[in-house]
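*Asks:* The structure's right below; bear with me while I get my questions together.
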Amino acid sequence: MREKVEQLLENALEKNKSLFLIDLDISADNQIRVTLDGDKGVTVEDCIEVSREIEHNLDREEFDFSLEVMSAGVSEPLTFPRQYKKNIGRNLKIKTTSGKTIEGELISANDESCTLKWSEREPKPVGKGKVTVKKEALLPYNEIMEAKVMIKF
């Protein structure tokens, strides 16, 4: 069944190239969960289209299944370079594999890494008090343990 669902999902994503798969989970009792993201976000209509593409081409006589198609939630960590690229200009909170946490604006992203910039208060090199320093870091994805978009209200 998994191969059939993967093929139908691939066909659905071919029809709308701005969408991409985040996760496909099929439980032992054939509960199918598809999580999508998109370069321009994911609409309810996008989810309906993908759901129809799968549901209308699976035989219920052959497989008894339930199907859920959803968009990746805002609180979900970023997992693919494509997600970083679509969030350029937004603030991220990144935990690195070395245990450091960085919060800043995502200013660029490619297939291997992303760049964050932020301001930080540091002690003055000479004298008392603090000074604001602008910082920037290039972070390879393999050094990122978790990255989340920070939502501002």
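Simple scheme: letters A, B, ... for chains in structure tokens order, numbers from 1 for residues in each chain, numbers from 1 for ligands in the order shown.
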Please identify which residues in range 3-115 of chain A DSSP calls strand (DSSP E or B) from the backbone, and express them as an MDAnalysis selection string.

*Replies:* chainID A and resid 19:26 31:39 41 66:71 91:96 101:109 113:115

*Asks:* Using only C-alpha atoms, tabulate the residues of range 51-132 of chain A lying at most 12 Å from any atom of range 2-17 of chain A, each with its closest atom pair and that distance in Å to one decimal, by chain and increasing residue number, as JSON lines.

*Replies:*
```
{"residue": "A:Ser51", "atom": "CA", "partner": "A:Ala12", "partner_atom": "CA", "distance": 8.6}
{"residue": "A:Arg52", "atom": "CA", "partner": "A:Ala12", "partner_atom": "CA", "distance": 8.9}
{"residue": "A:Glu53", "atom": "CA", "partner": "A:Ala12", "partner_atom": "CA", "distance": 5.9}
{"residue": "A:Ile54", "atom": "CA", "partner": "A:Leu8", "partner_atom": "CA", "distance": 5.4}
{"residue": "A:Glu55", "atom": "CA", "partner": "A:Leu8", "partner_atom": "CA", "distance": 9.0}
{"residue": "A:His56", "atom": "CA", "partner": "A:Leu8", "partner_atom": "CA", "distance": 9.7}
{"residue": "A:Asn57", "atom": "CA", "partner": "A:Leu8", "partner_atom": "CA", "distance": 7.5}
{"residue": "A:Leu58", "atom": "CA", "partner": "A:Val5", "partner_atom": "CA", "distance": 7.9}
{"residue": "A:Asp59", "atom": "CA", "partner": "A:Lys4", "partner_atom": "CA", "distance": 10.5}
{"residue": "A:Glu62", "atom": "CA", "partner": "A:Lys4", "partner_atom": "CA", "distance": 11.8}
{"residue": "A:Phe63", "atom": "CA", "partner": "A:Lys4", "partner_atom": "CA", "distance": 10.9}
{"residue": "A:Phe65", "atom": "CA", "partner": "A:Val5", "partner_atom": "CA", "distance": 11.0}
{"residue": "A:Leu67", "atom": "CA", "partner": "A:Val5", "partner_atom": "CA", "distance": 10.4}
{"residue": "A:Val69", "atom": "CA", "partner": "A:Leu9", "partner_atom": "CA", "distance": 10.5}
```

*Asks:* Grab the residues selected above and save them as a PDB file, in the first residue's frame with C-alpha atoms.

*Replies:*
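Just written: selection-v1.pdb:
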```pdb
ATOM      1  CA  SER A  51      -6.335  14.357  -0.564  1.00  0.00           C
ATOM      2  CA  ARG A  52      -8.560  13.817  -3.618  1.00  0.00           C
ATOM      3  CA  GLU A  53      -5.618  12.674  -5.737  1.00  0.00           C
ATOM      4  CA  ILE A  54      -4.855   9.952  -3.195  1.00  0.00           C
ATOM      5  CA  GLU A  55      -8.367   9.036  -2.080  1.00  0.00           C
ATOM      6  CA  HIS A  56      -9.932   8.809  -5.550  1.00  0.00           C
ATOM      7  CA  ASN A  57      -7.189   6.491  -6.761  1.00  0.00           C
ATOM      8  CA  LEU A  58      -7.082   4.035  -3.858  1.00  0.00           C
ATOM      9  CA  ASP A  59      -9.535   1.147  -3.956  1.00  0.00           C
ATOM     10  CA  GLU A  62      -8.621  -3.478  -1.567  1.00  0.00           C
ATOM     11  CA  PHE A  63      -7.521  -1.210   1.316  1.00  0.00           C
ATOM     12  CA  PHE A  65      -7.949   3.338   5.088  1.00  0.00           C
ATOM     13  CA  LEU A  67      -6.602   9.764   5.147  1.00  0.00           C
ATOM     14  CA  VAL A  69      -3.662  15.714   4.672  1.00  0.00           C
TER      15      VAL A  69
END
```

*Asks:* Go through range 7-62 of chain A and flag each residue having an atom no more than 10 Å from range 85-90 of chain A; for those, report the closest pair of atoms plus their distance in Å to one decimal, using only C-alpha atoms, ordered by chain and rising number, as CSV.

*Replies:*
```
residue,atom,partner,partner_atom,distance
A:Asp37,CA,A:Lys86,CA,10.0
A:Gly38,CA,A:Lys86,CA,8.2
A:Asp39,CA,A:Lys86,CA,5.6
A:Lys40,CA,A:Lys86,CA,7.4
A:Gly41,CA,A:Lys86,CA,8.7
```

*Asks:* Which neighbours of range 74-82 of chain A fall inside 9 Å, counting only C-alpha atoms, when residues of the same chain fewer than 2 positions from it are skipped, and could you give them as a ChimeraX atom specification?

*Replies:* /A:20,22,38-39,72,84-87,109-114,141,146-151

*Asks:* As a list in words, please: all residues of range 30-145 of chain A that backbone DSSP puts in helix (DSSP H, G or I).

*Replies:*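 Restricting range 30-145 of chain A to helix (DSSP H, G or I) produces Val44, Glu45, Asp46, Cys47, Ile48, Glu49, Val50, Ser51, Arg52, Glu53, Ile54, Glu55, Pro81, Arg82, Gln83, Tyr84, Lys85, Lys86, Tyr141, Asn142 and Glu143 of chain A.
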
*Asks:* Write out, as an mmCIF file, in the first residue's frame, the residues just selected, with N, CA and C atoms.

*Replies:*
```cif
data_model
loop_
_atom_site.group_PDB
_atom_site.id
_atom_site.type_symbol
_atom_site.label_atom_id
_atom_site.label_comp_id
_atom_site.auth_asym_id
_atom_site.auth_seq_id
_atom_site.Cartn_x
_atom_site.Cartn_y
_atom_site.Cartn_z
ATOM 1 N N VAL A 44 -6.072 25.408 2.357
ATOM 2 C CA VAL A 44 -7.021 24.312 2.548
ATOM 3 C C VAL A 44 -7.281 23.642 1.202
ATOM 4 N N GLU A 45 -7.380 24.456 0.147
ATOM 5 C CA GLU A 45 -7.615 23.908 -1.196
ATOM 6 C C GLU A 45 -6.475 22.990 -1.627
ATOM 7 N N ASP A 46 -5.236 23.371 -1.288
ATOM 8 C CA ASP A 46 -4.083 22.516 -1.609
ATOM 9 C C ASP A 46 -4.245 21.152 -0.942
ATOM 10 N N CYS A 47 -4.611 21.153 0.326
ATOM 11 C CA CYS A 47 -4.791 19.902 1.068
ATOM 12 C C CYS A 47 -5.913 19.060 0.464
ATOM 13 N N ILE A 48 -6.993 19.722 0.063
ATOM 14 C CA ILE A 48 -8.127 19.015 -0.553
ATOM 15 C C ILE A 48 -7.695 18.373 -1.863
ATOM 16 N N GLU A 49 -6.960 19.104 -2.690
ATOM 17 C CA GLU A 49 -6.499 18.572 -3.982
ATOM 18 C C GLU A 49 -5.625 17.334 -3.797
ATOM 19 N N VAL A 50 -4.678 17.410 -2.879
ATOM 20 C CA VAL A 50 -3.779 16.275 -2.628
ATOM 21 C C VAL A 50 -4.576 15.106 -2.061
ATOM 22 N N SER A 51 -5.492 15.394 -1.149
ATOM 23 C CA SER A 51 -6.335 14.357 -0.564
ATOM 24 C C SER A 51 -7.151 13.645 -1.641
ATOM 25 N N ARG A 52 -7.756 14.415 -2.534
ATOM 26 C CA ARG A 52 -8.560 13.817 -3.618
ATOM 27 C C ARG A 52 -7.709 12.947 -4.527
ATOM 28 N N GLU A 53 -6.511 13.429 -4.851
ATOM 29 C CA GLU A 53 -5.618 12.674 -5.737
ATOM 30 C C GLU A 53 -5.316 11.294 -5.149
ATOM 31 N N ILE A 54 -5.145 11.236 -3.842
ATOM 32 C CA ILE A 54 -4.855 9.952 -3.195
ATOM 33 C C ILE A 54 -6.129 9.134 -3.031
ATOM 34 N N GLU A 55 -7.139 9.761 -2.422
ATOM 35 C CA GLU A 55 -8.367 9.036 -2.080
ATOM 36 C C GLU A 55 -9.093 8.474 -3.295
ATOM 37 N N PRO A 81 15.991 22.274 3.588
ATOM 38 C CA PRO A 81 16.508 23.561 3.086
ATOM 39 C C PRO A 81 15.413 24.417 2.437
ATOM 40 N N ARG A 82 14.475 23.779 1.764
ATOM 41 C CA ARG A 82 13.394 24.517 1.094
ATOM 42 C C ARG A 82 12.566 25.316 2.110
ATOM 43 N N GLN A 83 12.418 24.790 3.314
ATOM 44 C CA GLN A 83 11.679 25.507 4.352
ATOM 45 C C GLN A 83 12.463 26.726 4.839
ATOM 46 N N TYR A 84 13.779 26.592 4.944
ATOM 47 C CA TYR A 84 14.593 27.737 5.341
ATOM 48 C C TYR A 84 14.471 28.837 4.290
ATOM 49 N N LYS A 85 14.567 28.453 3.018
ATOM 50 C CA LYS A 85 14.520 29.428 1.921
ATOM 51 C C LYS A 85 13.219 30.224 1.947
ATOM 52 N N LYS A 86 12.107 29.566 2.232
ATOM 53 C CA LYS A 86 10.823 30.280 2.220
ATOM 54 C C LYS A 86 10.642 31.188 3.437
ATOM 55 N N TYR A 141 23.479 23.081 7.842
ATOM 56 C CA TYR A 141 22.309 22.366 8.363
ATOM 57 C C TYR A 141 22.699 21.176 9.239
ATOM 58 N N ASN A 142 23.835 20.535 8.950
ATOM 59 C CA ASN A 142 24.229 19.372 9.760
ATOM 60 C C ASN A 142 24.686 19.771 11.160
ATOM 61 N N GLU A 143 24.822 21.069 11.433
ATOM 62 C CA GLU A 143 25.158 21.541 12.782
ATOM 63 C C GLU A 143 23.942 22.108 13.516
#
```

*Asks:* Using only C-alpha atoms for the distances, tell me which of A:Met145, A:Leu138, A:Met1, A:Leu19 is nearest to Gln31 in chain A.

*Replies:* A:Met1

*Asks:* Got a sec: who's within 12 Å of Val133 in chain A, counting only C-alpha atoms, leaving out chain neighbours fewer than 4 positions off, as a PyMOL selection string?

*Replies:* chain A and resi 117-125

*Asks:* For those residues, write N, CA and C atoms to a file as a PDB file, in the first residue's frame.

*Replies:*
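Result saved to result_32.pdb:
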```pdb
ATOM      1  N   LYS A 117      21.429  36.817  11.343  1.00  0.00           N
ATOM      2  CA  LYS A 117      22.051  38.018  11.903  1.00  0.00           C
ATOM      3  C   LYS A 117      21.211  38.472  13.093  1.00  0.00           C
ATOM      4  N   TRP A 118      21.891  39.074  14.068  1.00  0.00           N
ATOM      5  CA  TRP A 118      21.227  39.543  15.271  1.00  0.00           C
ATOM      6  C   TRP A 118      22.104  40.582  15.959  1.00  0.00           C
ATOM      7  N   SER A 119      21.518  41.274  16.934  1.00  0.00           N
ATOM      8  CA  SER A 119      22.269  42.243  17.738  1.00  0.00           C
ATOM      9  C   SER A 119      22.408  41.678  19.142  1.00  0.00           C
ATOM     10  N   GLU A 120      23.556  41.968  19.762  1.00  0.00           N
ATOM     11  CA  GLU A 120      23.827  41.448  21.092  1.00  0.00           C
ATOM     12  C   GLU A 120      24.531  42.516  21.926  1.00  0.00           C
ATOM     13  N   ARG A 121      24.179  42.607  23.197  1.00  0.00           N
ATOM     14  CA  ARG A 121      24.841  43.540  24.118  1.00  0.00           C
ATOM     15  C   ARG A 121      26.060  42.847  24.708  1.00  0.00           C
ATOM     16  N   GLU A 122      27.219  43.499  24.578  1.00  0.00           N
ATOM     17  CA  GLU A 122      28.463  42.943  25.107  1.00  0.00           C
ATOM     18  C   GLU A 122      29.178  44.006  25.925  1.00  0.00           C
ATOM     19  N   PRO A 123      30.015  43.563  26.875  1.00  0.00           N
ATOM     20  CA  PRO A 123      30.803  44.538  27.641  1.00  0.00           C
ATOM     21  C   PRO A 123      31.720  45.319  26.694  1.00  0.00           C
ATOM     22  N   LYS A 124      31.899  46.607  27.004  1.00  0.00           N
ATOM     23  CA  LYS A 124      32.817  47.433  26.206  1.00  0.00           C
ATOM     24  C   LYS A 124      34.227  46.867  26.301  1.00  0.00           C
ATOM     25  N   PRO A 125      35.000  46.945  25.207  1.00  0.00           N
ATOM     26  CA  PRO A 125      36.382  46.462  25.272  1.00  0.00           C
ATOM     27  C   PRO A 125      37.197  47.227  26.329  1.00  0.00           C
TER      28      PRO A 125
END
```
